[in-house]
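Source file: structure20.txt. Holds: compact mmCIF, C-alpha atoms.
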# COMPACT_ATOMS: atom_id res chain seq x y z
CA LEU A 277 0.00 0.00 0.00
CA GLU A 278 2.90 2.32 0.73
CA ALA A 279 4.24 1.76 -2.80
CA LEU A 280 0.84 2.66 -4.30
CA GLU A 281 0.86 5.93 -2.37
CA LYS A 282 4.41 6.75 -3.49
CA VAL A 283 3.57 6.02 -7.12
CA ALA A 284 0.53 8.32 -6.96
CA GLU A 285 2.71 11.08 -5.45
CA SER A 286 5.77 10.79 -7.71
CA LYS A 287 4.20 9.49 -10.95
CA PRO A 288 7.21 7.60 -12.30
CA ASP A 289 7.60 6.87 -16.02
CA ILE A 290 8.08 3.14 -15.43
CA ILE A 291 7.44 0.72 -12.58
CA LEU A 292 9.38 -2.52 -12.28
CA LEU A 293 6.88 -4.77 -10.49
CA ASP A 294 7.63 -8.18 -9.03
CA GLY A 295 4.95 -10.85 -9.06
CA LEU A 296 5.68 -12.10 -5.55
CA MET A 297 5.62 -9.52 -2.79
CA PRO A 298 4.56 -9.66 0.83
CA GLY A 299 1.08 -8.45 1.67
CA MET A 300 -0.27 -7.47 -1.73
CA ASP A 301 1.20 -9.45 -4.63
CA GLY A 302 2.24 -7.95 -7.96
CA PHE A 303 -0.99 -8.97 -9.67
CA GLN A 304 -3.11 -7.13 -7.11
CA THR A 305 -0.77 -4.13 -7.16
CA CYS A 306 -0.97 -3.96 -10.94
CA ARG A 307 -4.77 -4.00 -10.84
CA HIS A 308 -4.82 -1.18 -8.26
CA LEU A 309 -2.43 0.89 -10.38
CA ARG A 310 -4.57 0.43 -13.50
CA GLU A 311 -7.84 1.18 -11.69
CA ASN A 312 -6.54 4.44 -10.17
CA PRO A 313 -6.95 7.41 -12.56
CA GLU A 314 -3.75 8.92 -11.10
CA THR A 315 -1.60 5.89 -12.01
CA LYS A 316 -3.44 4.12 -14.83
CA ASP A 317 -1.04 5.40 -17.51
CA VAL A 318 2.23 4.59 -15.74
CA SER A 319 4.17 1.96 -17.70
CA ILE A 320 4.63 -1.36 -15.88
CA ILE A 321 7.30 -3.97 -16.49
CA PHE A 322 6.17 -7.12 -14.70
CA CYS A 323 8.93 -9.45 -13.46
CA SER A 324 8.12 -12.95 -12.38
CA ALA A 325 9.34 -16.51 -12.29
CA THR A 326 5.82 -17.33 -13.47
CA HIS A 327 5.37 -17.91 -17.19
CA ILE A 328 3.70 -15.14 -19.20
CA SER A 329 0.62 -17.35 -19.67
CA GLU A 330 -0.08 -17.01 -15.93
CA VAL A 331 0.13 -13.22 -16.18
CA LYS A 332 -2.32 -13.28 -19.09
CA LYS A 333 -4.61 -15.71 -17.27
CA ARG A 334 -4.81 -13.35 -14.31
CA LYS A 335 -5.74 -10.57 -16.73
CA VAL A 336 -3.31 -7.90 -15.62
CA GLU A 337 -2.44 -5.15 -18.06
CA VAL A 338 1.32 -4.67 -18.31
CA ASP A 339 3.52 -2.89 -20.84
CA ALA A 340 6.26 -5.52 -20.78
CA TYR A 341 7.07 -8.81 -19.11
CA LEU A 342 10.38 -10.29 -17.99
CA GLU A 343 10.64 -13.87 -16.85
CA LYS A 344 13.16 -14.46 -14.05
CA PRO A 345 16.02 -14.84 -14.21
CA PHE A 346 16.71 -12.11 -16.75
CA SER A 347 19.79 -10.15 -17.74
CA ILE A 348 20.23 -6.45 -17.13
CA GLU A 349 20.54 -6.07 -20.91
CA LYS A 350 17.03 -7.46 -21.38
CA LEU A 351 15.73 -5.04 -18.79
CA TYR A 352 17.46 -2.11 -20.53
CA LYS A 353 15.93 -3.14 -23.86
CA LYS A 354 12.43 -3.27 -22.37
CA ILE A 355 12.87 0.14 -20.73
CA ASP A 356 14.27 1.65 -23.92
CA LYS A 357 11.37 0.30 -25.99
CA ILE A 358 8.78 1.67 -23.56
CA LEU A 359 10.41 5.10 -23.40
CA LYS A 360 10.57 5.29 -27.20
CA LEU A 361 6.87 4.40 -27.47
CA ARG A 362 5.94 7.09 -24.94
CA LYS A 363 7.54 9.88 -27.00
So that I can check it, write out the structure of this file as C-alpha cells.
Amino acid sequence: LEALEKVAESKPDIILLDGLMPGMDGFQTCRHLRENPETKDVSIIFCSATHISEVKKRKVEVDAYLEKPFSIEKLYKKIDKILKLRK
C-alpha cells in the first residue's frame, strides 16, 4: 500500500513490479495501479518466475514482461522500448 501511495505522489515513467511480494502481490498491485486514474497510464514492467501465460490468465495489463532470471541487458531493452513508445 505504501508503494501505491508513493507512485501516486511521484508518478514515475516506469514501474518494475515483481509478481511475488509480501502483503499485496504484484498482480493485485498492478490492478490497483490500473484502476486508479492517477496511475493508470504509468508503464509497468512485470517481473516474475511465473510464465507469461499465468500473467495473461490473471488478466493484468502490463507494458512488458520479464521472466526471471533475466539479464540487465534485457531489462534495458524493455525500458528503452517503452520510453521510445511514450515519445
May I have the centre and edge lengths, in Å to one decimal, of an axis-aligned box around the listed atoms of range 318-325 of chain A with 8 Å added to every side, as JSON?
{"center_x": 5.8, "center_y": -6.0, "center_z": -15.0, "size_x": 23.1, "size_y": 37.1, "size_z": 21.4}
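For Lys354 in chain A, the residues within 12 Å (counting only C-alpha atoms, excluding itself and residues fewer than 4 positions away along the chain) are Ile290, Ile291, Leu292, Ser319, Ile320, Ile321, Phe322, Cys323, Val338, Asp339, Ala340, Tyr341, Leu342, Phe346, Ser347, Ile348, Glu349, Lys350, Ile358, Leu359, Lys360 and Leu361 of chain A.
Rounded to one decimal, CA of Lys353 in chain A and CA of Val283 in chain A lie 22.7 Å from each other.
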_With 12 Å as the threshold, what does the neighbourhood of (6.8, 11.4, -13.0) contain in terms of residues, counting all atoms listed in the file? Coordinates are those of the file; answer as a PyMOL selection string._
chain A and resi 282-291+314-315+317-319
*asked:* One decimal, in Å: what's the spacing between CA of Val336 in chain A and CA of Leu351 in chain A?
replied: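 Distance between the two atoms: 19.5 Å.
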*Determine the nearest neighbour of Arg307 in chain A from the options A:Lys335, A:Lys344, A:Lys363, A:Lys357, counting only C-alpha atoms.*
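With only C-alpha atoms as the atom set, the closest residue is A:Lys335.
Take CA of Glu337 in chain A and CA of Glu278 in chain A: the distance between them is 20.9 Å.
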*Restricting the calculation to only C-alpha atoms, which member of A:Ser324, A:Tyr352, A:Arg362, A:Pro345 is positioned closest to Met297 in chain A?*
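Among the listed residues, A:Ser324 lies closest to Met297 in chain A.
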*asked:* Calculated over all atoms listed in the file, which of the candidates A:Asp301, A:Ile355, A:Asp294, A:Leu280 has the smallest distance to Lys316 in chain A?
replied: A:Leu280
Write range 286-311 of chain A as a PDB file, in the frame of the given file, completed to N, CA and C atoms.
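Written out: selection13.pdb:
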ATOM      1  N   SER A 286       4.613  10.482  -6.862  1.00  0.00           N
ATOM      2  CA  SER A 286       5.770  10.790  -7.710  1.00  0.00           C
ATOM      3  C   SER A 286       5.539  10.576  -9.193  1.00  0.00           C
ATOM      4  N   LYS A 287       4.539   9.793  -9.552  1.00  0.00           N
ATOM      5  CA  LYS A 287       4.200   9.490 -10.950  1.00  0.00           C
ATOM      6  C   LYS A 287       5.437   9.145 -11.795  1.00  0.00           C
ATOM      7  N   PRO A 288       6.032   8.002 -11.532  1.00  0.00           N
ATOM      8  CA  PRO A 288       7.210   7.600 -12.300  1.00  0.00           C
ATOM      9  C   PRO A 288       6.846   7.262 -13.743  1.00  0.00           C
ATOM     10  N   ASP A 289       7.840   7.248 -14.620  1.00  0.00           N
ATOM     11  CA  ASP A 289       7.600   6.870 -16.020  1.00  0.00           C
ATOM     12  C   ASP A 289       7.379   5.370 -16.146  1.00  0.00           C
ATOM     13  N   ILE A 290       8.141   4.599 -15.355  1.00  0.00           N
ATOM     14  CA  ILE A 290       8.080   3.140 -15.430  1.00  0.00           C
ATOM     15  C   ILE A 290       8.151   2.549 -14.031  1.00  0.00           C
ATOM     16  N   ILE A 291       7.382   1.481 -13.832  1.00  0.00           N
ATOM     17  CA  ILE A 291       7.440   0.720 -12.580  1.00  0.00           C
ATOM     18  C   ILE A 291       7.921  -0.677 -12.912  1.00  0.00           C
ATOM     19  N   LEU A 292       8.906  -1.142 -12.184  1.00  0.00           N
ATOM     20  CA  LEU A 292       9.380  -2.520 -12.280  1.00  0.00           C
ATOM     21  C   LEU A 292       8.685  -3.260 -11.139  1.00  0.00           C
ATOM     22  N   LEU A 293       7.761  -4.145 -11.477  1.00  0.00           N
ATOM     23  CA  LEU A 293       6.880  -4.770 -10.490  1.00  0.00           C
ATOM     24  C   LEU A 293       7.124  -6.265 -10.420  1.00  0.00           C
ATOM     25  N   ASP A 294       7.412  -6.754  -9.237  1.00  0.00           N
ATOM     26  CA  ASP A 294       7.630  -8.180  -9.030  1.00  0.00           C
ATOM     27  C   ASP A 294       6.303  -8.870  -8.780  1.00  0.00           C
ATOM     28  N   GLY A 295       6.176 -10.092  -9.256  1.00  0.00           N
ATOM     29  CA  GLY A 295       4.950 -10.850  -9.060  1.00  0.00           C
ATOM     30  C   GLY A 295       4.726 -11.263  -7.618  1.00  0.00           C
ATOM     31  N   LEU A 296       5.803 -11.644  -6.938  1.00  0.00           N
ATOM     32  CA  LEU A 296       5.680 -12.100  -5.550  1.00  0.00           C
ATOM     33  C   LEU A 296       6.187 -11.029  -4.597  1.00  0.00           C
ATOM     34  N   MET A 297       5.275 -10.519  -3.799  1.00  0.00           N
ATOM     35  CA  MET A 297       5.620  -9.520  -2.790  1.00  0.00           C
ATOM     36  C   MET A 297       4.815  -9.824  -1.539  1.00  0.00           C
ATOM     37  N   PRO A 298       5.317  -9.424  -0.397  1.00  0.00           N
ATOM     38  CA  PRO A 298       4.560  -9.660   0.830  1.00  0.00           C
ATOM     39  C   PRO A 298       3.331  -8.762   0.899  1.00  0.00           C
ATOM     40  N   GLY A 299       2.300  -9.243   1.527  1.00  0.00           N
ATOM     41  CA  GLY A 299       1.080  -8.450   1.670  1.00  0.00           C
ATOM     42  C   GLY A 299       0.248  -8.497   0.406  1.00  0.00           C
ATOM     43  N   MET A 300       0.449  -7.543  -0.470  1.00  0.00           N
ATOM     44  CA  MET A 300      -0.270  -7.470  -1.730  1.00  0.00           C
ATOM     45  C   MET A 300       0.681  -7.934  -2.838  1.00  0.00           C
ATOM     46  N   ASP A 301       0.292  -8.955  -3.592  1.00  0.00           N
ATOM     47  CA  ASP A 301       1.200  -9.450  -4.630  1.00  0.00           C
ATOM     48  C   ASP A 301       1.212  -8.524  -5.842  1.00  0.00           C
ATOM     49  N   GLY A 302       2.082  -8.796  -6.795  1.00  0.00           N
ATOM     50  CA  GLY A 302       2.240  -7.950  -7.960  1.00  0.00           C
ATOM     51  C   GLY A 302       1.000  -7.884  -8.825  1.00  0.00           C
ATOM     52  N   PHE A 303       0.235  -8.960  -8.878  1.00  0.00           N
ATOM     53  CA  PHE A 303      -0.990  -8.970  -9.670  1.00  0.00           C
ATOM     54  C   PHE A 303      -2.016  -7.994  -9.084  1.00  0.00           C
ATOM     55  N   GLN A 304      -2.179  -8.042  -7.780  1.00  0.00           N
ATOM     56  CA  GLN A 304      -3.110  -7.130  -7.110  1.00  0.00           C
ATOM     57  C   GLN A 304      -2.639  -5.683  -7.234  1.00  0.00           C
ATOM     58  N   THR A 305      -1.341  -5.480  -7.055  1.00  0.00           N
ATOM     59  CA  THR A 305      -0.770  -4.130  -7.160  1.00  0.00           C
ATOM     60  C   THR A 305      -0.991  -3.564  -8.548  1.00  0.00           C
ATOM     61  N   CYS A 306      -0.772  -4.389  -9.558  1.00  0.00           N
ATOM     62  CA  CYS A 306      -0.970  -3.960 -10.940  1.00  0.00           C
ATOM     63  C   CYS A 306      -2.424  -3.548 -11.169  1.00  0.00           C
ATOM     64  N   ARG A 307      -3.355  -4.337 -10.680  1.00  0.00           N
ATOM     65  CA  ARG A 307      -4.770  -4.000 -10.840  1.00  0.00           C
ATOM     66  C   ARG A 307      -5.103  -2.656 -10.175  1.00  0.00           C
ATOM     67  N   HIS A 308      -4.583  -2.447  -8.962  1.00  0.00           N
ATOM     68  CA  HIS A 308      -4.820  -1.180  -8.260  1.00  0.00           C
ATOM     69  C   HIS A 308      -4.244   0.001  -9.044  1.00  0.00           C
ATOM     70  N   LEU A 309      -3.047  -0.181  -9.597  1.00  0.00           N
ATOM     71  CA  LEU A 309      -2.430   0.890 -10.380  1.00  0.00           C
ATOM     72  C   LEU A 309      -3.261   1.225 -11.614  1.00  0.00           C
ATOM     73  N   ARG A 310      -3.777   0.210 -12.282  1.00  0.00           N
ATOM     74  CA  ARG A 310      -4.570   0.430 -13.500  1.00  0.00           C
ATOM     75  C   ARG A 310      -5.961   0.995 -13.208  1.00  0.00           C
ATOM     76  N   GLU A 311      -6.511   0.688 -12.050  1.00  0.00           N
ATOM     77  CA  GLU A 311      -7.840   1.180 -11.690  1.00  0.00           C
ATOM     78  C   GLU A 311      -7.821   2.624 -11.190  1.00  0.00           C
TER      79      GLU A 311
END
